[in-house]
Structures are given as C-alpha cells and as structure tokens.
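Note: the block below is entry00.tsv and it holds TSV, C-alpha atoms.
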```
chain	number	residue	atom	x	y	z
A	1	ASP	CA	-27.73	18.83	31.80
A	2	ALA	CA	-30.02	15.94	32.75
A	3	GLY	CA	-30.46	13.21	30.20
A	4	VAL	CA	-33.58	11.15	29.61
A	5	THR	CA	-35.00	9.75	32.83
A	6	GLN	CA	-37.43	6.88	33.27
A	7	SER	CA	-39.36	5.48	36.21
A	8	PRO	CA	-39.63	3.01	37.70
A	9	THR	CA	-36.42	1.11	36.97
A	10	HIS	CA	-37.97	-2.29	37.63
A	11	LEU	CA	-41.52	-3.51	37.87
A	12	ILE	CA	-43.21	-6.86	38.50
A	13	LYS	CA	-46.84	-7.37	37.51
A	14	THR	CA	-49.17	-10.29	36.99
A	15	ARG	CA	-51.10	-11.21	33.88
A	16	GLY	CA	-54.16	-9.10	33.27
A	17	GLN	CA	-52.92	-6.13	35.26
A	18	GLN	CA	-52.25	-2.68	33.90
A	19	VAL	CA	-48.96	-0.76	34.07
A	20	THR	CA	-47.85	2.84	33.57
A	21	LEU	CA	-44.28	3.77	32.75
A	22	ARG	CA	-42.97	7.32	32.82
A	23	CYS	CA	-40.37	9.27	30.89
A	24	SER	CA	-38.89	12.75	31.11
A	25	PRO	CA	-37.07	13.93	28.00
A	26	LYS	CA	-33.66	15.49	27.76
A	27	SER	CA	-33.63	19.25	28.24
A	28	GLY	CA	-34.54	21.05	25.02
A	29	HIS	CA	-36.29	18.04	23.46
A	30	ASP	CA	-40.01	17.98	22.71
A	31	THR	CA	-40.41	14.58	21.03
A	32	VAL	CA	-40.65	11.27	22.86
A	33	SER	CA	-40.52	7.78	21.39
A	34	TRP	CA	-41.10	4.46	23.14
A	35	TYR	CA	-39.47	1.14	22.27
A	36	GLN	CA	-39.88	-2.41	23.59
A	37	GLN	CA	-36.83	-4.65	23.79
A	38	ALA	CA	-37.36	-8.34	24.47
A	39	LEU	CA	-34.44	-10.36	25.78
A	40	GLY	CA	-31.84	-10.96	23.10
A	41	GLN	CA	-33.61	-8.78	20.55
A	42	GLY	CA	-33.21	-5.26	19.28
A	43	PRO	CA	-35.63	-2.54	20.33
A	44	GLN	CA	-38.99	-2.40	18.55
A	45	PHE	CA	-40.70	0.95	17.98
A	46	ILE	CA	-44.01	1.36	19.80
A	47	PHE	CA	-44.98	4.98	19.10
A	48	GLN	CA	-43.82	8.58	19.05
A	49	TYR	CA	-45.38	11.69	20.56
A	50	TYR	CA	-44.96	15.38	20.01
A	51	GLU	CA	-47.30	18.29	20.60
A	52	GLU	CA	-49.17	15.94	22.94
A	53	GLU	CA	-50.35	13.72	20.10
A	54	GLU	CA	-49.35	10.28	18.86
A	55	ARG	CA	-47.62	10.95	15.53
A	56	GLN	CA	-46.36	7.54	14.47
A	57	ARG	CA	-47.08	4.02	15.66
A	58	GLY	CA	-45.40	0.66	15.25
A	59	ASN	CA	-47.04	-2.76	15.08
A	60	PHE	CA	-48.36	-2.91	18.61
A	61	PRO	CA	-51.94	-3.64	19.71
A	62	ASP	CA	-54.26	-1.07	21.19
A	63	ARG	CA	-53.42	-2.38	24.67
A	64	PHE	CA	-50.40	-0.13	24.34
A	65	SER	CA	-51.32	3.52	24.69
A	66	GLY	CA	-49.53	6.67	25.64
A	67	HIS	CA	-49.76	10.25	26.58
A	68	GLN	CA	-47.59	13.32	26.39
A	69	PHE	CA	-47.94	16.20	28.81
A	70	PRO	CA	-47.44	19.94	28.19
A	71	ASN	CA	-43.97	19.71	29.79
A	72	TYR	CA	-43.08	17.08	27.11
A	73	SER	CA	-42.88	14.20	29.58
A	74	SER	CA	-44.66	11.05	28.55
A	75	GLU	CA	-46.35	7.93	29.85
A	76	LEU	CA	-46.68	4.49	28.33
A	77	ASN	CA	-49.68	2.46	29.46
A	78	VAL	CA	-50.12	-1.24	28.86
A	79	ASN	CA	-53.47	-2.88	29.67
A	80	ALA	CA	-54.32	-6.53	30.14
A	81	LEU	CA	-50.69	-7.56	30.52
A	82	LEU	CA	-49.51	-10.76	28.88
A	83	LEU	CA	-46.45	-12.83	29.74
A	84	GLY	CA	-45.01	-11.73	26.39
A	85	ASP	CA	-45.04	-8.11	27.49
A	86	SER	CA	-42.07	-8.85	29.74
A	87	ALA	CA	-39.29	-6.71	28.30
A	88	LEU	CA	-37.10	-3.64	28.72
A	89	TYR	CA	-39.10	-0.54	27.80
A	90	LEU	CA	-36.96	2.26	26.49
A	91	CYS	CA	-37.91	5.88	26.13
A	92	ALA	CA	-36.03	8.13	23.72
A	93	SER	CA	-36.23	11.88	23.29
A	94	SER	CA	-35.27	14.04	20.35
A	95	ALA	CA	-35.65	17.49	18.95
A	96	ARG	CA	-38.40	18.12	16.44
A	97	GLY	CA	-37.50	17.21	12.88
A	98	LEU	CA	-37.13	14.27	10.60
A	99	GLN	CA	-34.76	11.61	11.87
A	100	GLU	CA	-33.18	13.72	14.56
A	101	THR	CA	-30.92	11.83	16.92
A	102	GLN	CA	-32.87	9.94	19.59
A	103	TYR	CA	-31.28	9.81	23.04
A	104	PHE	CA	-32.37	6.92	25.20
A	105	GLY	CA	-33.10	6.63	28.88
A	106	PRO	CA	-31.97	3.76	31.12
A	107	GLY	CA	-35.20	1.84	30.57
A	108	THR	CA	-37.79	0.14	32.73
A	109	ARG	CA	-37.53	-3.61	33.12
A	110	LEU	CA	-41.02	-5.10	33.27
A	111	LEU	CA	-41.60	-8.67	34.36
A	112	VAL	CA	-45.08	-10.14	33.94
A	113	LEU	CA	-45.78	-13.28	35.96
B	1	ALA	CA	-40.17	-4.32	4.61
B	2	GLN	CA	-37.46	-2.05	5.87
B	3	LYS	CA	-34.92	-4.02	7.84
B	4	VAL	CA	-31.34	-4.20	9.01
B	5	THR	CA	-28.95	-7.14	8.95
B	6	GLN	CA	-26.00	-7.42	11.26
B	7	ALA	CA	-24.62	-10.77	10.22
B	8	GLN	CA	-22.04	-10.95	13.02
B	9	THR	CA	-23.90	-12.08	16.11
B	10	GLU	CA	-20.82	-12.12	18.33
B	11	ILE	CA	-17.22	-10.94	17.93
B	12	SER	CA	-14.39	-11.52	20.39
B	13	VAL	CA	-11.15	-9.55	20.18
B	14	VAL	CA	-8.15	-8.92	22.36
B	15	GLU	CA	-7.66	-5.43	23.70
B	16	LYS	CA	-5.94	-3.02	21.30
B	17	GLU	CA	-7.12	-4.91	18.22
B	18	ASP	CA	-9.18	-3.06	15.63
B	19	VAL	CA	-12.67	-4.39	15.02
B	20	THR	CA	-15.23	-3.70	12.28
B	21	LEU	CA	-18.94	-4.25	12.75
B	22	ASP	CA	-20.94	-4.84	9.58
B	23	CYS	CA	-24.38	-3.51	8.79
B	24	VAL	CA	-26.55	-3.93	5.70
B	25	TYR	CA	-29.96	-2.31	5.58
B	26	GLU	CA	-33.03	-1.86	3.44
B	27	THR	CA	-35.03	1.34	3.33
B	28	ARG	CA	-37.66	2.89	1.10
B	29	ASP	CA	-36.49	6.38	1.97
B	30	THR	CA	-34.43	8.20	-0.66
B	31	THR	CA	-32.68	10.49	1.78
B	32	TYR	CA	-32.21	9.42	5.33
B	33	TYR	CA	-29.96	9.24	8.34
B	34	LEU	CA	-28.26	6.17	9.73
B	35	PHE	CA	-27.30	5.63	13.34
B	36	TRP	CA	-25.10	3.41	15.47
B	37	TYR	CA	-25.91	2.78	19.11
B	38	LYS	CA	-24.09	0.85	21.82
B	39	GLN	CA	-25.82	-1.05	24.63
B	40	PRO	CA	-23.55	-2.00	27.55
B	41	PRO	CA	-24.71	-4.56	30.12
B	42	SER	CA	-26.47	-1.81	32.08
B	43	GLY	CA	-29.06	-1.72	29.29
B	44	GLU	CA	-29.05	1.93	28.31
B	45	LEU	CA	-28.69	2.59	24.58
B	46	VAL	CA	-25.87	5.04	23.98
B	47	PHE	CA	-25.81	7.12	20.80
B	48	LEU	CA	-22.54	6.83	18.86
B	49	ILE	CA	-22.89	8.31	15.38
B	50	ARG	CA	-25.43	9.77	12.93
B	51	ARG	CA	-24.73	9.82	9.22
B	52	ASN	CA	-26.77	11.26	6.35
B	53	SER	CA	-27.32	9.32	3.15
B	54	PHE	CA	-26.38	12.10	0.77
B	55	ASP	CA	-22.80	12.44	1.94
B	56	GLU	CA	-20.70	9.32	1.47
B	57	GLN	CA	-17.52	10.81	2.82
B	58	ASN	CA	-16.23	8.49	5.48
B	59	GLU	CA	-15.18	10.00	8.77
B	60	ILE	CA	-13.19	9.36	11.86
B	61	SER	CA	-14.07	10.50	15.36
B	62	GLY	CA	-11.54	9.54	17.95
B	63	ARG	CA	-11.30	5.74	17.96
B	64	TYR	CA	-14.48	5.40	15.89
B	65	SER	CA	-14.70	5.47	12.12
B	66	TRP	CA	-17.37	4.42	9.66
B	67	ASN	CA	-17.65	3.37	6.07
B	68	PHE	CA	-20.93	4.21	4.37
B	69	GLN	CA	-21.73	3.00	0.86
B	70	LYS	CA	-25.20	3.89	-0.35
B	71	SER	CA	-24.87	1.77	-3.50
B	72	THR	CA	-24.56	-1.41	-1.42
B	73	SER	CA	-26.68	-0.18	1.51
B	74	SER	CA	-23.87	-0.85	3.94
B	75	PHE	CA	-22.86	1.17	6.95
B	76	ASN	CA	-19.92	-0.43	8.72
B	77	PHE	CA	-18.46	0.79	11.98
B	78	THR	CA	-14.85	0.39	13.12
B	79	ILE	CA	-13.35	0.72	16.58
B	80	THR	CA	-9.61	1.25	16.56
B	81	ALA	CA	-7.46	-0.01	19.43
B	82	SER	CA	-10.38	-1.63	21.23
B	83	GLN	CA	-10.68	-1.46	25.00
B	84	VAL	CA	-12.45	-3.64	27.53
B	85	VAL	CA	-14.98	-0.83	28.10
B	86	ASP	CA	-16.03	-1.20	24.46
B	87	SER	CA	-17.63	-4.55	25.32
B	88	ALA	CA	-21.32	-4.14	24.54
B	89	VAL	CA	-24.01	-4.94	22.00
B	90	TYR	CA	-23.80	-2.64	18.99
B	91	PHE	CA	-26.85	-1.75	16.94
B	92	CYS	CA	-26.99	-0.25	13.50
B	93	ALA	CA	-30.27	1.65	13.13
B	94	PRO	CA	-31.50	2.78	9.75
B	95	PRO	CA	-34.84	4.56	9.47
B	96	GLY	CA	-37.99	2.51	9.48
B	97	GLY	CA	-40.16	5.16	7.91
B	98	GLY	CA	-40.69	8.62	9.36
B	99	ASN	CA	-38.86	9.04	12.64
B	100	LYS	CA	-38.97	5.45	13.73
B	101	LEU	CA	-35.65	3.60	14.03
B	102	THR	CA	-35.31	0.00	12.90
B	103	PHE	CA	-33.06	-2.21	15.00
B	104	GLY	CA	-31.76	-5.66	14.21
B	105	THR	CA	-30.53	-8.12	16.80
B	106	GLY	CA	-27.19	-6.35	17.09
B	107	THR	CA	-23.61	-7.56	17.36
B	108	GLN	CA	-22.22	-8.59	20.73
B	109	LEU	CA	-18.63	-7.34	21.02
B	110	LYS	CA	-16.40	-8.85	23.69
B	111	VAL	CA	-13.02	-7.26	24.27
B	112	GLU	CA	-10.71	-9.30	26.45
B	113	LEU	CA	-7.40	-8.49	28.09
```

Written form, structure tokens:
Amino acid sequence: DAGVTQSPTHLIKTRGQQVTLRCSPKSGHDTVSWYQQALGQGPQFIFQYYEEEERQRGNFPDRFSGHQFPNYSSELNVNALLLGDSALYLCASSARGLQETQYFGPGTRLLVL
Amino acid sequence: AQKVTQAQTEISVVEKEDVTLDCVYETRDTTYYLFWYKQPPSGELVFLIRRNSFDEQNEISGRYSWNFQKSTSSFNFTITASQVVDSAVYFCAPPGGGNKLTFGTGTQLKVEL
C-alpha cells in the first residue's frame, strides 16, 4: 500500500520564478492538505482540498495556489518566489471527515536563491 | 488564537530511559482530536497517535503512552525504554480550526547510547 508521494524531492529556483509541486495521496484518501515548514519551525497550514475545491486556507498570500485533480492528486503552485519561500513543503492526505488523521509525504525541499 | 506550546525545546536522554514530552494547547473547539507526530532527520512527519477530547482515559500502545487532561489543556506523551531510533523532533498538533493542524516548534529528542 503506497503512502503519500511527492515530487520533486528537491528544487532550486531564483527569485521571481514560479514553481509547481506535486502530491499523490495515500490509497483510499480523497483529501489533501499542504503545509510549509521553514527551518527550525513547525509546519504551517497552507490549504486543504477535497472534491477538487479549496476548502480551508491558512494565512498565506494569493501567490500560493493549488489544484486537485479527479484522481485526488494535488499540485501546489507558488508564483513570484521570494527568498522567504525557501522551506520544506509537506503534503498530507486524509480520509474525508472532521479531523481525520493526516498522513504526510516525504516533502519537497525548495531553495530560492 | 489557537496555539500549542511545547516548552521543552531539546531533551537528551540515555538509551533505555523513559522520557515525557509536554504539550499545552489552546483551542476554540469544544470537541476535537489531538495528534502527536515525529519528524526524524529525513524530514518526513510520521503519525504517532490520535486522541479525542471527549475521552480522557489514558492509554498505552507499545512503548508509547499519553496523558490527556482536558481541564488543563495538556496532552503529554511518554516513550518508555527509549532507543536511539527514537531520536527526532516531536510535534504535538491540536486542531487549528476545521481540519487544519496547528504545530508548534516541537521538541528535539536525542537518545544517546
């Protein structure tokens, strides 16, 4: 049973560029959440998707957007990258329902130069 | 604001010692679930336990046990007979409203031989 997968594992971009990160949920899960984890900090919630719509959003600017596909996989897009966007981006999947357990993928490490 | 406090930033123990990680949280939810996650150096967040707020019976699962007290908003986690492989950052994650998890800065646990 495959767990949550994310791609790419590492990414280097320059300021002003755009980036797309991808996530495939655990088998049987239809809900995907994205978190940003800066070095030495805990993860911060970006947003959550199910039924192909953004259902809940954290305190992140509109430069951060996402998408969920009919197969429940998801993308996180970040436009106009800033140095401060350098972080580990974690995707988590869960079953539908309030406060179901979220299972995390290995993350994508983004470095913005 | 809903938040979590893990006052212990770093704990060092010798293998086979028991160790308790403290967690105090704030939430506006009246019924909710609480979670503990572990993040080894590889970076992936690993789910450990999920506990509901309306059942304060403390439990043991293998070497893990937890003490939940709703009256004091505390949710402490104990590892019995610690092992070197337990070395990681541990996060307590109460709800942040809806399905979003709130993470603090975590507790770094180092288990030495």

Under the rule of at most 6 Å, produce a per-residue listing of chain A near chain B: chain, number, name, the closest pair of atoms, and the distance in Å, as a tab-separated table, using only C-alpha atoms.
```
residue	atom	partner	partner_atom	distance
A:Gln41	CA	B:Thr105	CA	4.9
A:Gly42	CA	B:Thr105	CA	4.6
A:Pro43	CA	B:Phe103	CA	5.9
A:Leu98	CA	B:Asn99	CA	5.9
A:Gln99	CA	B:Asn99	CA	4.9
A:Phe104	CA	B:Leu45	CA	5.7
A:Pro106	CA	B:Glu44	CA	4.4
```

Mind dumping the selected residues with C-alpha atoms as a compact mmCIF listing (two decimals), in the coordinates of the input?
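Heads up, here's the output in out-v4.txt:
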```
# COMPACT_ATOMS: atom_id res chain seq x y z
CA GLN A 41 -33.61 -8.78 20.55
CA GLY A 42 -33.21 -5.26 19.28
CA PRO A 43 -35.63 -2.54 20.33
CA LEU A 98 -37.13 14.27 10.60
CA GLN A 99 -34.76 11.61 11.87
CA PHE A 104 -32.37 6.92 25.20
CA PRO A 106 -31.97 3.76 31.12
```

Exercise: Glu10 of chain B partners within 8 Å, all atoms listed in the file, chain neighbours under 3 positions left out, as a PyMOL selection string: chain B and resi 107-110

Report, in Å with one decimal, the straight-line distance from atom CA of Gln37 of chain A to atom CA of Tyr50 of chain A. 21.9 Å

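Going from atom CA of Trp66 of chain B to atom CA of Gln36 of chain A covers 27.3 Å.
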
Nearest to Thr72 of chain B, chosen from B:Asp86, B:Glu56, B:Asp18, B:Glu112, with all atoms listed in the file counted in the distances: B:Glu56

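Going from atom CA of Leu83 of chain A over to atom CA of Arg15 of chain A, you cover 6.4 Å.
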
Starting from the point (-40.2, 26.4, 34.6), work out which residues of protein, DNA or RNA have an atom no more than 12 Å away when counting only C-alpha atoms; state them as a PDB file with C-alpha atoms, in the frame of the given file.
```
ATOM      1  CA  SER A  27     -33.630  19.250  28.240  1.00  0.00           C
ATOM      2  CA  PRO A  70     -47.440  19.940  28.190  1.00  0.00           C
ATOM      3  CA  ASN A  71     -43.970  19.710  29.790  1.00  0.00           C
TER       4      ASN A  71
END
```

Pick out the residues sitting within 9 Å of Phe60 of chain A, and hand them over as a ChimeraX atom specification; count only C-alpha atoms, and ignore anything fewer than 4 positions along from it in its own chain. /A:45-47,64

Include C-alpha atoms and write out the residues we just selected as a PDB file, in the coordinates of the input.
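Contents of the output file again37.pdb:
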```
ATOM      1  CA  PHE A  45     -40.700   0.950  17.980  1.00  0.00           C
ATOM      2  CA  ILE A  46     -44.010   1.360  19.800  1.00  0.00           C
ATOM      3  CA  PHE A  47     -44.980   4.980  19.100  1.00  0.00           C
ATOM      4  CA  PHE A  64     -50.400  -0.130  24.340  1.00  0.00           C
TER       5      PHE A  64
END
```

Surrounding residues of Ser33 of chain A excluding itself and chain neighbours under 5 positions, 7 Å, all atoms listed in the file, as a list in words: Phe47, Gln48, Tyr49, Cys91, Ala92 and Ser93 of chain A

I'd like the contact shell of Lys70 of chain B - 9 Å cut-off, all atoms listed in the file, skipping same-chain residues fewer than 2 positions apart - returned as an MDAnalysis selection string. chainID B and resid 53:54 56 68 72:75

Excluding Val32 of chain A and its own-chain neighbours fewer than 2 positions away, which residues fall within 12 Å of it when counting all atoms listed in the file? Please give them as a ChimeraX atom specification. /A:4-6,22-30,34-35,45-56,66-69,71-76,90-96,100-105 /B:99-100

Would you mind completing segment 23-38 of chain B so that it carries N, CA and C atoms, and writing it out as a tab-separated table (two decimals), keeping the file's coordinate frame?
```tsv
chain	number	residue	atom	x	y	z
B	23	CYS	N	-22.96	-3.82	8.79
B	23	CYS	CA	-24.38	-3.51	8.79
B	23	CYS	C	-24.86	-3.36	7.34
B	24	VAL	N	-25.90	-4.08	7.00
B	24	VAL	CA	-26.55	-3.93	5.70
B	24	VAL	C	-28.02	-3.65	5.98
B	25	TYR	N	-28.60	-2.73	5.26
B	25	TYR	CA	-29.96	-2.31	5.58
B	25	TYR	C	-30.79	-2.18	4.30
B	26	GLU	N	-32.09	-2.14	4.51
B	26	GLU	CA	-33.03	-1.86	3.44
B	26	GLU	C	-33.90	-0.70	3.90
B	27	THR	N	-34.13	0.24	3.00
B	27	THR	CA	-35.03	1.34	3.33
B	27	THR	C	-35.72	1.83	2.07
B	28	ARG	N	-36.93	2.31	2.23
B	28	ARG	CA	-37.66	2.89	1.10
B	28	ARG	C	-37.38	4.38	0.97
B	29	ASP	N	-36.78	4.95	2.01
B	29	ASP	CA	-36.49	6.38	1.97
B	29	ASP	C	-35.39	6.67	0.96
B	30	THR	N	-35.46	7.83	0.30
B	30	THR	CA	-34.43	8.20	-0.66
B	30	THR	C	-33.32	9.02	-0.01
B	31	THR	N	-33.69	9.81	0.97
B	31	THR	CA	-32.68	10.49	1.78
B	31	THR	C	-33.00	10.16	3.23
B	32	TYR	N	-31.98	9.91	3.98
B	32	TYR	CA	-32.21	9.42	5.33
B	32	TYR	C	-30.94	9.54	6.15
B	33	TYR	N	-31.10	9.29	7.44
B	33	TYR	CA	-29.96	9.24	8.34
B	33	TYR	C	-29.80	7.82	8.86
B	34	LEU	N	-28.58	7.47	9.15
B	34	LEU	CA	-28.26	6.17	9.73
B	34	LEU	C	-27.59	6.40	11.07
B	35	PHE	N	-27.80	5.47	11.99
B	35	PHE	CA	-27.30	5.63	13.34
B	35	PHE	C	-26.60	4.35	13.80
B	36	TRP	N	-25.65	4.52	14.70
B	36	TRP	CA	-25.10	3.41	15.47
B	36	TRP	C	-25.30	3.72	16.94
B	37	TYR	N	-25.75	2.69	17.66
B	37	TYR	CA	-25.91	2.78	19.11
B	37	TYR	C	-25.14	1.64	19.76
B	38	LYS	N	-24.80	1.85	21.02
B	38	LYS	CA	-24.09	0.85	21.82
B	38	LYS	C	-24.95	0.58	23.06
```
